[in-house]
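Here is the file target.txt (compact mmCIF, C-alpha atoms).
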```
# COMPACT_ATOMS: atom_id res chain seq x y z
CA MET M 1 58.01 7.68 -10.75
CA LEU M 2 55.71 10.05 -8.93
CA LYS M 3 53.05 9.52 -11.57
CA ALA M 4 53.28 5.75 -11.16
CA ILE M 5 52.95 6.00 -7.36
CA GLY M 6 49.96 8.34 -7.81
CA ALA M 7 48.28 5.90 -10.21
CA ILE M 8 48.83 3.00 -7.79
CA LEU M 9 47.44 5.04 -4.90
CA ILE M 10 44.34 5.98 -6.94
CA CYS M 11 43.83 2.34 -7.88
CA LEU M 12 44.18 1.23 -4.27
CA SER M 13 41.74 3.87 -3.06
CA THR M 14 39.06 2.86 -5.59
CA LEU M 15 39.36 -0.89 -4.89
CA PRO M 16 37.25 -0.97 -1.70
CA ALA M 17 34.44 0.98 -3.37
CA PHE M 18 34.53 -1.42 -6.30
CA ALA M 19 34.49 -4.38 -3.95
CA GLN M 20 31.47 -2.97 -2.13
CA SER M 21 29.52 -2.43 -5.31
CA THR M 22 30.10 -5.91 -6.76
CA ALA M 23 29.86 -8.00 -3.61
CA SER M 24 26.64 -9.93 -3.09
CA PRO M 25 24.49 -8.71 -0.19
CA ARG M 26 25.90 -10.08 3.04
CA PRO M 27 23.77 -12.69 4.77
CA GLN M 28 21.32 -11.01 7.08
CA ALA M 29 21.17 -11.80 10.77
CA PRO M 30 18.12 -13.87 11.81
CA VAL M 31 15.11 -11.69 12.48
CA LYS M 32 12.81 -12.55 15.35
CA SER M 33 9.35 -12.84 13.82
CA VAL M 34 5.91 -14.34 14.26
CA ASP M 35 4.04 -16.26 11.57
CA LEU M 36 0.51 -14.89 11.72
CA VAL M 37 -1.12 -17.00 9.04
CA GLY M 38 -0.48 -19.11 5.98
CA LEU M 39 2.77 -21.01 6.41
CA ALA M 40 2.12 -24.67 5.63
CA GLY M 41 2.66 -26.97 8.60
CA VAL M 42 3.14 -24.12 11.06
CA LYS M 43 0.55 -23.20 13.65
CA GLU M 44 -0.76 -19.64 13.63
CA HIS M 45 1.06 -17.11 15.81
CA THR M 46 4.18 -19.24 16.03
CA GLY M 47 7.33 -17.36 16.93
CA GLY M 48 10.59 -18.09 15.17
CA LYS M 49 13.60 -16.69 13.36
CA LEU M 50 13.50 -15.51 9.80
CA THR M 51 16.57 -15.60 7.57
CA VAL M 52 17.17 -15.07 3.86
CA GLU M 53 20.00 -17.14 2.43
CA GLY M 54 20.70 -19.24 -0.61
CA GLY M 55 17.73 -17.78 -2.48
CA LYS M 56 15.31 -18.94 0.18
CA LEU M 57 13.34 -17.44 3.01
CA ARG M 58 13.81 -19.69 6.02
CA PHE M 59 11.52 -19.61 9.06
CA ALA M 60 13.02 -21.63 11.89
CA HIS M 61 10.90 -22.30 14.95
CA SER M 62 11.05 -24.72 17.86
CA LYS M 63 9.76 -27.76 15.97
CA SER M 64 10.96 -27.47 12.40
CA THR M 65 12.10 -25.17 9.61
CA SER M 66 9.99 -23.96 6.71
CA GLU M 67 11.44 -22.64 3.49
CA ILE M 68 10.06 -20.62 0.59
CA ALA M 69 12.13 -20.07 -2.54
CA ALA M 70 12.49 -16.39 -3.38
CA ILE M 71 11.89 -16.94 -7.10
CA THR M 72 8.43 -18.36 -6.40
CA MET M 73 7.37 -15.17 -4.61
CA GLU M 74 4.99 -13.11 -6.72
CA ASP M 75 4.49 -10.25 -4.30
CA VAL M 76 6.33 -9.07 -1.22
CA VAL M 77 4.73 -6.17 0.62
CA THR M 78 5.56 -4.54 3.93
CA GLY M 79 3.19 -2.79 6.30
CA ASN M 80 2.97 -1.66 9.89
CA ASP M 81 0.87 -2.50 12.89
CA SER M 82 0.94 -2.24 16.66
CA GLN M 83 0.38 -4.59 19.55
CA ARG M 84 -0.19 -4.39 23.28
CA VAL M 85 2.96 -4.29 25.37
CA VAL M 86 1.32 -6.49 28.03
CA ARG M 87 -0.07 -9.44 26.07
CA GLY M 88 -0.53 -13.20 26.36
CA THR M 89 -2.19 -14.73 29.41
CA LEU M 90 -1.16 -11.82 31.62
CA GLY M 91 -2.59 -9.40 29.10
CA THR M 92 -5.92 -11.23 29.03
CA LEU M 93 -6.07 -11.33 32.81
CA SER M 94 -5.22 -7.65 33.03
CA MET M 95 -8.38 -6.85 31.06
CA PHE M 96 -10.36 -7.81 34.16
CA GLY M 97 -8.36 -5.55 36.43
CA PRO M 98 -10.23 -3.12 38.69
CA TYR M 99 -10.97 0.53 37.91
CA GLY M 100 -10.30 0.13 34.19
CA SER M 101 -6.64 -0.67 34.72
CA GLY M 102 -6.76 -3.21 31.87
CA ARG M 103 -8.04 -0.57 29.51
CA PHE M 104 -5.35 1.79 30.67
CA LEU M 105 -2.68 -0.84 29.94
CA SER M 106 -4.04 -1.13 26.38
CA LEU M 107 -2.77 2.37 25.74
CA PHE M 108 0.81 1.11 25.97
CA ARG M 109 1.59 -0.38 22.61
CA SER M 110 4.67 -1.40 20.65
CA LYS M 111 4.95 -0.84 16.92
CA LEU M 112 5.84 -3.66 14.57
CA ASP M 113 6.32 -4.34 10.89
CA THR M 114 4.34 -6.80 8.81
CA LEU M 115 5.69 -8.71 5.84
CA THR M 116 3.11 -10.16 3.46
CA ILE M 117 4.27 -12.66 0.86
CA GLN M 118 2.34 -14.30 -1.96
CA TYR M 119 4.02 -17.33 -3.57
CA ARG M 120 3.20 -20.32 -5.77
CA ASP M 121 3.75 -23.96 -4.84
CA THR M 122 4.96 -26.67 -7.22
CA ASP M 123 1.41 -27.24 -8.55
CA GLY M 124 0.93 -23.53 -9.23
CA GLY M 125 -1.35 -22.99 -6.23
CA LEU M 126 -1.24 -19.52 -4.71
CA HIS M 127 -0.26 -19.22 -1.04
CA GLY M 128 -0.07 -16.23 1.24
CA VAL M 129 1.99 -15.76 4.39
CA ILE M 130 2.02 -12.93 6.91
CA PHE M 131 4.89 -12.35 9.33
CA THR M 132 5.24 -9.70 12.00
CA MET M 133 8.66 -8.49 13.10
CA PRO M 134 10.35 -5.61 14.92
CA VAL M 135 10.14 -2.15 13.39
CA GLY M 136 12.67 -1.50 10.65
CA THR M 137 13.38 -5.12 9.73
CA ALA M 138 10.61 -5.91 7.21
CA GLU M 139 11.98 -3.57 4.58
CA LEU M 140 15.44 -5.13 4.89
CA VAL M 141 14.05 -8.63 4.48
CA LYS M 142 12.05 -7.44 1.47
CA GLN M 143 15.16 -5.93 -0.12
CA GLU M 144 17.04 -9.15 0.47
CA LEU M 145 14.26 -11.20 -1.10
CA ILE M 146 13.99 -8.94 -4.14
CA ALA M 147 17.77 -9.21 -4.61
CA GLN M 148 17.38 -12.99 -4.67
CA GLY M 149 14.60 -13.10 -7.25
CA ALA M 150 11.34 -12.21 -5.52
CA ARG M 151 8.93 -9.72 -7.09
CA SER M 152 6.96 -6.91 -5.54
CA SER M 153 3.97 -4.93 -6.75
CA VAL M 154 5.06 -1.99 -4.60
CA PRO M 155 8.44 -0.42 -5.33
CA SER M 156 10.58 -0.45 -2.23
CA ALA M 157 12.37 2.51 -0.69
CA ALA M 158 15.49 3.61 -2.57
CA GLU M 159 17.82 3.43 0.42
CA PRO M 160 16.75 0.56 2.65
CA ALA M 161 19.56 1.15 5.16
CA GLN M 162 18.77 4.86 5.55
CA GLY M 163 15.01 5.01 5.11
CA SER M 164 13.08 3.64 8.01
CA SER M 165 10.66 0.80 7.47
CA LYS M 166 7.81 2.92 8.71
CA ALA M 167 8.35 5.43 5.95
CA GLY M 168 8.33 2.65 3.40
CA ALA M 169 5.20 1.19 4.86
CA THR M 170 3.34 4.48 4.78
CA GLU M 171 4.37 4.93 1.17
CA GLU M 172 2.96 1.53 0.37
CA LYS M 173 -0.28 2.25 2.15
CA ARG M 174 -0.76 5.36 0.04
CA MET X 1 -66.33 -9.07 64.34
CA LYS X 2 -64.49 -12.32 63.77
CA HIS X 3 -66.97 -13.24 60.99
CA PHE X 4 -66.41 -9.86 59.38
CA PHE X 5 -62.64 -10.46 59.13
CA ILE X 6 -63.16 -13.90 57.62
CA LEU X 7 -65.53 -12.39 55.04
CA VAL X 8 -63.05 -9.64 54.10
CA THR X 9 -60.21 -12.19 53.73
CA LEU X 10 -62.38 -14.44 51.54
CA ARG X 11 -63.42 -11.52 49.37
CA SER X 12 -59.80 -10.38 48.85
CA THR X 13 -58.77 -13.94 47.98
CA THR X 14 -61.50 -14.25 45.35
CA LEU X 15 -60.50 -10.83 44.00
CA ARG X 16 -56.88 -11.95 43.62
CA LEU X 17 -58.00 -15.19 42.02
CA SER X 18 -60.15 -13.37 39.51
CA VAL X 19 -57.28 -11.02 38.64
CA VAL X 20 -54.91 -13.96 38.08
CA LEU X 21 -57.48 -15.79 35.99
CA GLY X 22 -58.09 -12.66 33.94
CA LEU X 23 -54.40 -12.28 33.23
CA LEU X 24 -54.11 -15.93 32.22
CA ALA X 25 -57.07 -15.57 29.88
CA ALA X 26 -55.48 -12.48 28.32
CA ILE X 27 -52.23 -14.36 27.73
CA LEU X 28 -54.06 -17.33 26.22
CA VAL X 29 -56.01 -15.06 23.90
CA SER X 30 -52.89 -13.28 22.69
CA VAL X 31 -50.71 -16.36 22.14
CA PRO X 32 -52.66 -18.42 19.52
CA PRO X 33 -52.40 -15.85 16.68
CA LEU X 34 -48.61 -15.74 17.15
CA ARG X 35 -48.37 -19.49 16.92
CA GLY X 36 -50.54 -19.42 13.87
CA GLN X 37 -48.22 -16.98 12.22
CA GLU X 38 -45.13 -19.03 12.99
CA ARG X 39 -46.46 -22.33 11.77
CA PRO X 40 -46.73 -21.63 8.04
CA ALA X 41 -43.20 -20.21 7.99
CA SER X 42 -41.72 -23.28 9.65
CA LYS X 43 -43.70 -25.49 7.30
CA ALA X 44 -42.38 -23.55 4.34
CA THR X 45 -38.77 -24.01 5.43
CA THR X 46 -39.08 -27.69 6.08
CA SER X 47 -41.14 -28.60 3.03
CA SER X 48 -39.04 -26.93 0.31
CA PRO X 49 -35.36 -26.63 1.17
CA ALA X 50 -33.25 -24.92 -1.48
CA PRO X 51 -31.61 -27.48 -3.79
CA LYS X 52 -27.92 -27.92 -3.07
CA ILE X 53 -25.26 -27.46 -5.69
CA ARG X 54 -23.32 -30.59 -6.54
CA ALA X 55 -19.58 -30.12 -6.28
CA SER X 56 -16.66 -32.49 -6.57
CA ALA X 57 -14.10 -29.81 -5.72
CA VAL X 58 -13.94 -26.14 -4.82
CA ARG X 59 -11.29 -23.81 -6.17
CA VAL X 60 -10.81 -20.63 -4.17
CA GLU X 61 -9.76 -17.61 -6.21
CA MET X 62 -7.67 -14.80 -4.73
CA ILE X 63 -9.69 -12.08 -3.03
CA GLU X 64 -10.26 -9.14 -5.38
CA SER X 65 -10.54 -5.57 -4.24
CA ASP X 66 -10.65 -3.34 -7.31
CA GLU X 67 -13.02 -0.71 -5.95
CA ILE X 68 -11.80 -0.66 -2.38
CA LYS X 69 -8.22 -0.20 -1.25
CA LEU X 70 -7.50 -3.18 0.93
CA PRO X 71 -4.14 -3.67 2.70
CA ALA X 72 -2.17 -6.66 1.40
CA GLU X 73 -2.21 -8.40 4.79
CA PHE X 74 -6.03 -8.33 4.87
CA GLN X 75 -6.24 -9.71 1.34
CA VAL X 76 -3.90 -12.58 2.14
CA ALA X 77 -5.51 -13.26 5.53
CA LEU X 78 -8.98 -13.42 3.92
CA TYR X 79 -7.73 -15.90 1.32
CA GLU X 80 -5.78 -18.11 3.69
CA ASN X 81 -8.47 -18.17 6.38
CA LEU X 82 -11.13 -18.98 3.78
CA ILE X 83 -9.17 -21.99 2.53
CA GLN X 84 -8.43 -23.10 6.09
CA GLN X 85 -12.06 -22.89 7.17
CA LEU X 86 -13.35 -24.66 4.03
CA GLU X 87 -10.94 -27.51 4.71
CA LYS X 88 -11.88 -27.55 8.40
CA LYS X 89 -15.57 -28.12 7.68
CA GLY X 90 -14.73 -31.71 6.75
CA ASP X 91 -16.74 -31.73 3.54
CA PRO X 92 -15.87 -34.52 1.08
CA TRP X 93 -14.81 -32.22 -1.75
CA HIS X 94 -11.21 -31.13 -2.18
CA VAL X 95 -10.30 -27.48 -1.79
CA TYR X 96 -7.88 -26.16 -4.42
CA ARG X 97 -6.00 -22.91 -4.44
CA ASN X 98 -5.99 -20.25 -7.13
CA GLY X 99 -3.89 -21.38 -10.10
CA ASP X 100 -3.61 -25.02 -9.02
CA ARG X 101 -3.03 -27.07 -12.18
CA ARG X 102 -4.62 -30.19 -10.68
CA ALA X 103 -8.03 -28.48 -10.74
CA ALA X 104 -7.82 -27.42 -14.38
CA ASN X 105 -10.15 -29.95 -16.04
CA LEU X 106 -11.91 -31.38 -13.05
CA PRO X 107 -15.59 -32.29 -13.61
CA GLY X 108 -17.97 -30.76 -11.09
CA LEU X 109 -15.54 -28.04 -10.07
CA VAL X 110 -17.07 -25.05 -8.29
CA VAL X 111 -15.07 -21.83 -8.31
CA LEU X 112 -15.41 -19.38 -5.43
CA HIS X 113 -14.83 -15.75 -6.43
CA SER X 114 -14.66 -13.19 -3.64
CA THR X 115 -14.77 -9.44 -4.16
CA VAL X 116 -14.42 -6.94 -1.33
CA ARG X 117 -17.40 -4.58 -1.29
CA GLY X 118 -16.80 -2.77 1.96
CA PHE X 119 -13.93 -2.31 4.36
CA LYS X 120 -13.58 -0.25 7.49
CA GLU X 121 -10.30 -0.61 9.34
CA GLY X 122 -10.87 0.06 13.01
CA SER X 123 -8.37 0.29 15.82
CA GLU X 124 -7.50 -2.45 18.28
CA MET X 125 -6.48 0.16 20.85
CA LYS X 126 -9.77 2.05 20.57
CA ARG X 127 -11.70 -1.20 20.94
CA GLU X 128 -9.82 -2.20 24.05
CA VAL X 129 -10.02 1.21 25.66
CA THR X 130 -13.57 2.26 24.82
CA THR X 131 -15.29 -1.08 23.97
CA VAL X 132 -17.84 0.66 21.74
CA THR X 133 -15.65 2.26 19.06
CA GLY X 134 -12.95 1.06 16.71
CA ALA X 135 -14.70 -1.95 15.21
CA THR X 136 -13.24 -3.43 12.02
CA SER X 137 -15.62 -4.73 9.37
CA ILE X 138 -15.26 -6.26 5.93
CA THR X 139 -18.04 -7.07 3.47
CA VAL X 140 -17.18 -9.57 0.76
CA HIS X 141 -19.34 -10.57 -2.18
CA CYS X 142 -18.97 -14.34 -2.58
CA GLN X 143 -19.90 -15.88 -5.90
CA PHE X 144 -19.89 -19.61 -6.60
CA THR X 145 -19.60 -20.34 -10.32
CA ASP X 146 -19.04 -23.44 -12.41
CA SER X 147 -15.85 -23.84 -14.45
CA GLN X 148 -17.48 -22.03 -17.41
CA GLY X 149 -18.25 -19.00 -15.25
CA LYS X 150 -22.00 -19.52 -14.84
CA VAL X 151 -23.11 -18.12 -11.48
CA LEU X 152 -24.58 -20.82 -9.25
CA LEU X 153 -24.88 -18.97 -5.98
CA GLU X 154 -23.94 -15.60 -4.57
CA ARG X 155 -24.19 -13.66 -1.34
CA ASP X 156 -22.62 -10.79 0.58
CA ILE X 157 -20.85 -12.06 3.70
CA ASP X 158 -19.35 -9.82 6.34
CA GLY X 159 -16.61 -10.24 8.90
CA LYS X 160 -16.36 -8.16 12.05
CA VAL X 161 -14.29 -7.71 15.15
CA ARG X 162 -16.04 -5.58 17.75
CA PHE X 163 -14.43 -6.09 21.15
CA PHE X 164 -11.24 -8.10 21.52
CA GLY X 165 -8.58 -9.15 19.08
CA ALA X 166 -6.48 -7.76 16.26
CA ASN X 167 -7.99 -6.22 13.15
CA LEU X 168 -7.12 -9.33 11.14
CA LYS X 169 -9.57 -11.31 13.28
CA ALA X 170 -12.33 -9.87 11.07
CA THR X 171 -10.96 -11.99 8.23
CA TYR X 172 -11.33 -15.11 10.39
CA ASP X 173 -14.93 -14.19 11.19
CA PHE X 174 -15.68 -13.77 7.47
CA ALA X 175 -13.99 -17.07 6.61
CA LYS X 176 -16.03 -18.97 9.19
CA LYS X 177 -19.29 -17.55 7.86
CA ALA X 178 -18.32 -18.19 4.24
CA ALA X 179 -17.35 -21.80 5.00
CA THR X 180 -20.68 -22.37 6.77
CA PHE X 181 -22.51 -20.87 3.77
CA ALA X 182 -20.63 -23.23 1.43
CA HIS X 183 -21.31 -26.18 3.71
CA GLU X 184 -25.04 -25.45 3.74
CA ASN X 185 -25.39 -24.90 0.00
CA LEU X 186 -23.02 -27.40 -1.59
CA SER X 187 -23.34 -31.15 -1.63
CA ALA X 188 -20.88 -33.79 -2.70
CA ALA X 189 -21.15 -34.85 -6.33
CA ASP X 190 -21.50 -38.55 -7.13
CA GLY X 191 -18.29 -40.52 -7.11
CA ILE X 192 -16.34 -38.64 -4.46
```
Mind converting the file's structure to structure tokens?
Amino acid sequence: MLKAIGAILICLSTLPAFAQSTASPRPQAPVKSVDLVGLAGVKEHTGGKLTVEGGKLRFAHSKSTSEIAAITMEDVVTGNDSQRVVRGTLGTLSMFGPYGSGRFLSLFRSKLDTLTIQYRDTDGGLHGVIFTMPVGTAELVKQELIAQGARSSVPSAAEPAQGSSKAGATEEKR
Amino acid sequence: MKHFFILVTLRSTTLRLSVVLGLLAAILVSVPPLRGQERPASKATTSSPAPKIRASAVRVEMIESDEIKLPAEFQVALYENLIQQLEKKGDPWHVYRNGDRRAANLPGLVVLHSTVRGFKEGSEMKREVTTVTGATSITVHCQFTDSQGKVLLERDIDGKVRFFGANLKATYDFAKKAATFAHENLSAADGI
């Protein structure tokens, strides 16, 4: 009797681990991103939300939604960059501030991740898209895309949840 | 005394006049040889313009960077901006992307190969803070070939960002120059 209870308990304790290992990756929350260049029908530097679901990368912005199938992606690469904290019209105007105050403001910068994707359209034409997004999110999106059929010339970090995106990016740069 | 003053004034006026005239003469003497040098050059450019290459379509190949390590975002930005600028020029030929099956057996197809020859990644922050340092520059060797691979035209084109803007703006600068180069050296083939 005791043996049977022990076996049941062992089975019950291993079930959650098994469930975790076989379950498909849970749908990722939309990532705030900016399309820098390349997305067909979308103006450069358009802000929107990036999601990966149903084997597609979806970029939703104010006017419409663009989709790229993950299996058509030939290369997904992450990188890092930085941008001015004070930007836009105010940022431009601040450049003309007195006593070099504009230059001083340029020292305050925020880091961001870049996600570069190369994919083929239905005619076989090669396209390239570059997105920027908050630090630590590009690697997760890349992992998600690779899980859904995308390819990458650069092997991604082993533990996407633990390893920061910056570390992955520096590895790629090397 | 009054006559003396008038005489002195007259003399100084004639002196000034002679100085002005002398200067004018010196300018006139120095100018004609310059004009003479310029004329043959301008004649040469107008009389024999380089023959344009006939193209019905242009296929843009992906940017290659075998010798120089180029970040992926620069490679993609160069490629995308190049296609965008070639389309923007409003030339009658169609611009195809690398691997496009529709351009496979097209007569009069010109293929644009681009190879990165030089790359210096600057810093946007340095540019904004110091103005004189942190410039980003890219040099790309552009080669126009026919579909058999015969080189029709080639040139090194560079892209730079010196003062304002992100590093990727250098790719836009390159693309604009490359599109202008294509516009000046290619002409529409008959029937398009």
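Each of M:Thr89, M:Ser152, M:Ser66, M:Thr46 was compared to Gln118 of chain M using only C-alpha atoms, and M:Ser152 turns out to be the nearest.
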Which residues of chain M sit at most 10 Å from chain X, using only C-alpha atoms? Give each one's shortest atom pair and distance in Å (one decimal place), in chain and ascending residue order, as JSON lines.
```
{"residue": "M:Leu36", "atom": "CA", "partner": "X:Ala77", "partner_atom": "CA", "distance": 8.8}
{"residue": "M:Val37", "atom": "CA", "partner": "X:Ala77", "partner_atom": "CA", "distance": 6.8}
{"residue": "M:Gly38", "atom": "CA", "partner": "X:Glu80", "partner_atom": "CA", "distance": 5.9}
{"residue": "M:Leu39", "atom": "CA", "partner": "X:Glu80", "partner_atom": "CA", "distance": 9.4}
{"residue": "M:Asp75", "atom": "CA", "partner": "X:Ala72", "partner_atom": "CA", "distance": 9.5}
{"residue": "M:Val76", "atom": "CA", "partner": "X:Ala72", "partner_atom": "CA", "distance": 9.2}
{"residue": "M:Val77", "atom": "CA", "partner": "X:Ala72", "partner_atom": "CA", "distance": 7.0}
{"residue": "M:Thr78", "atom": "CA", "partner": "X:Ala72", "partner_atom": "CA", "distance": 8.4}
{"residue": "M:Gly79", "atom": "CA", "partner": "X:Glu73", "partner_atom": "CA", "distance": 7.9}
{"residue": "M:Asn80", "atom": "CA", "partner": "X:Glu73", "partner_atom": "CA", "distance": 9.9}
{"residue": "M:Asp81", "atom": "CA", "partner": "X:Asn167", "partner_atom": "CA", "distance": 9.6}
{"residue": "M:Ser82", "atom": "CA", "partner": "X:Glu124", "partner_atom": "CA", "distance": 8.6}
{"residue": "M:Gln83", "atom": "CA", "partner": "X:Ala166", "partner_atom": "CA", "distance": 8.2}
{"residue": "M:Arg84", "atom": "CA", "partner": "X:Met125", "partner_atom": "CA", "distance": 8.1}
{"residue": "M:Thr92", "atom": "CA", "partner": "X:Phe164", "partner_atom": "CA", "distance": 9.7}
{"residue": "M:Met95", "atom": "CA", "partner": "X:Glu128", "partner_atom": "CA", "distance": 8.5}
{"residue": "M:Gly100", "atom": "CA", "partner": "X:Val129", "partner_atom": "CA", "distance": 8.6}
{"residue": "M:Ser101", "atom": "CA", "partner": "X:Val129", "partner_atom": "CA", "distance": 9.9}
{"residue": "M:Gly102", "atom": "CA", "partner": "X:Val129", "partner_atom": "CA", "distance": 8.3}
{"residue": "M:Arg103", "atom": "CA", "partner": "X:Val129", "partner_atom": "CA", "distance": 4.7}
{"residue": "M:Phe104", "atom": "CA", "partner": "X:Val129", "partner_atom": "CA", "distance": 6.9}
{"residue": "M:Leu105", "atom": "CA", "partner": "X:Val129", "partner_atom": "CA", "distance": 8.7}
{"residue": "M:Ser106", "atom": "CA", "partner": "X:Met125", "partner_atom": "CA", "distance": 6.2}
{"residue": "M:Leu107", "atom": "CA", "partner": "X:Met125", "partner_atom": "CA", "distance": 6.5}
{"residue": "M:Phe108", "atom": "CA", "partner": "X:Met125", "partner_atom": "CA", "distance": 9.0}
{"residue": "M:Arg109", "atom": "CA", "partner": "X:Met125", "partner_atom": "CA", "distance": 8.3}
{"residue": "M:Thr114", "atom": "CA", "partner": "X:Glu73", "partner_atom": "CA", "distance": 7.9}
{"residue": "M:Leu115", "atom": "CA", "partner": "X:Glu73", "partner_atom": "CA", "distance": 8.0}
{"residue": "M:Thr116", "atom": "CA", "partner": "X:Glu73", "partner_atom": "CA", "distance": 5.8}
{"residue": "M:Ile117", "atom": "CA", "partner": "X:Val76", "partner_atom": "CA", "distance": 8.3}
{"residue": "M:Gln118", "atom": "CA", "partner": "X:Val76", "partner_atom": "CA", "distance": 7.7}
{"residue": "M:Arg120", "atom": "CA", "partner": "X:Gly99", "partner_atom": "CA", "distance": 8.4}
{"residue": "M:Asp121", "atom": "CA", "partner": "X:Asp100", "partner_atom": "CA", "distance": 8.5}
{"residue": "M:Thr122", "atom": "CA", "partner": "X:Asp100", "partner_atom": "CA", "distance": 8.9}
{"residue": "M:Asp123", "atom": "CA", "partner": "X:Asp100", "partner_atom": "CA", "distance": 5.5}
{"residue": "M:Gly124", "atom": "CA", "partner": "X:Asp100", "partner_atom": "CA", "distance": 4.8}
{"residue": "M:Gly125", "atom": "CA", "partner": "X:Asp100", "partner_atom": "CA", "distance": 4.1}
{"residue": "M:Leu126", "atom": "CA", "partner": "X:Asn98", "partner_atom": "CA", "distance": 5.4}
{"residue": "M:His127", "atom": "CA", "partner": "X:Glu80", "partner_atom": "CA", "distance": 7.4}
{"residue": "M:Gly128", "atom": "CA", "partner": "X:Val76", "partner_atom": "CA", "distance": 5.4}
{"residue": "M:Val129", "atom": "CA", "partner": "X:Val76", "partner_atom": "CA", "distance": 7.1}
{"residue": "M:Ile130", "atom": "CA", "partner": "X:Glu73", "partner_atom": "CA", "distance": 6.6}
{"residue": "M:Phe131", "atom": "CA", "partner": "X:Glu73", "partner_atom": "CA", "distance": 9.3}
{"residue": "M:Glu172", "atom": "CA", "partner": "X:Pro71", "partner_atom": "CA", "distance": 9.1}
{"residue": "M:Lys173", "atom": "CA", "partner": "X:Pro71", "partner_atom": "CA", "distance": 7.1}
{"residue": "M:Arg174", "atom": "CA", "partner": "X:Lys69", "partner_atom": "CA", "distance": 9.4}
```
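A straight line drawn from atom CA of Ser110 of chain M to atom CA of Val85 of chain M is 5.8 Å long.
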Problem - Answer as an NGL selection string, residues within 10 Å of (16.8, -15.2, 13.8) using all atoms listed in the file - result: :M and (28-33 or 48-52 or 58-61)
Fill in the blank from the handout: Expressed in Å, the length from atom CA of Val58 of chain X to atom CA of Ala40 of chain M is 19.2 Å
Exercise for the section: Excluding segment 133-145 of chain X and any residue of its chain fewer than 3 positions from it, enumerate the residues within 8 Å of it, using only C-alpha atoms, and give them as a PyMOL selection string. Expected result: chain X and resi 110-127+130+148-163+167+170-171+174+178
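Across the model, the gap from atom CA of Ser62 of chain M to atom CA of Glu44 of chain M is 13.5 Å.
Among the candidates X:Gly90, X:Pro107, X:Ser65, X:Val95, the residue lying nearest to Asp190 of chain X is X:Pro107 (atoms considered: all atoms listed in the file).
Distance check against Gly91 of chain M using all atoms listed in the file: of X:Asp66, X:Ala182, X:Glu87, X:Gly165, the minimum falls on X:Gly165.
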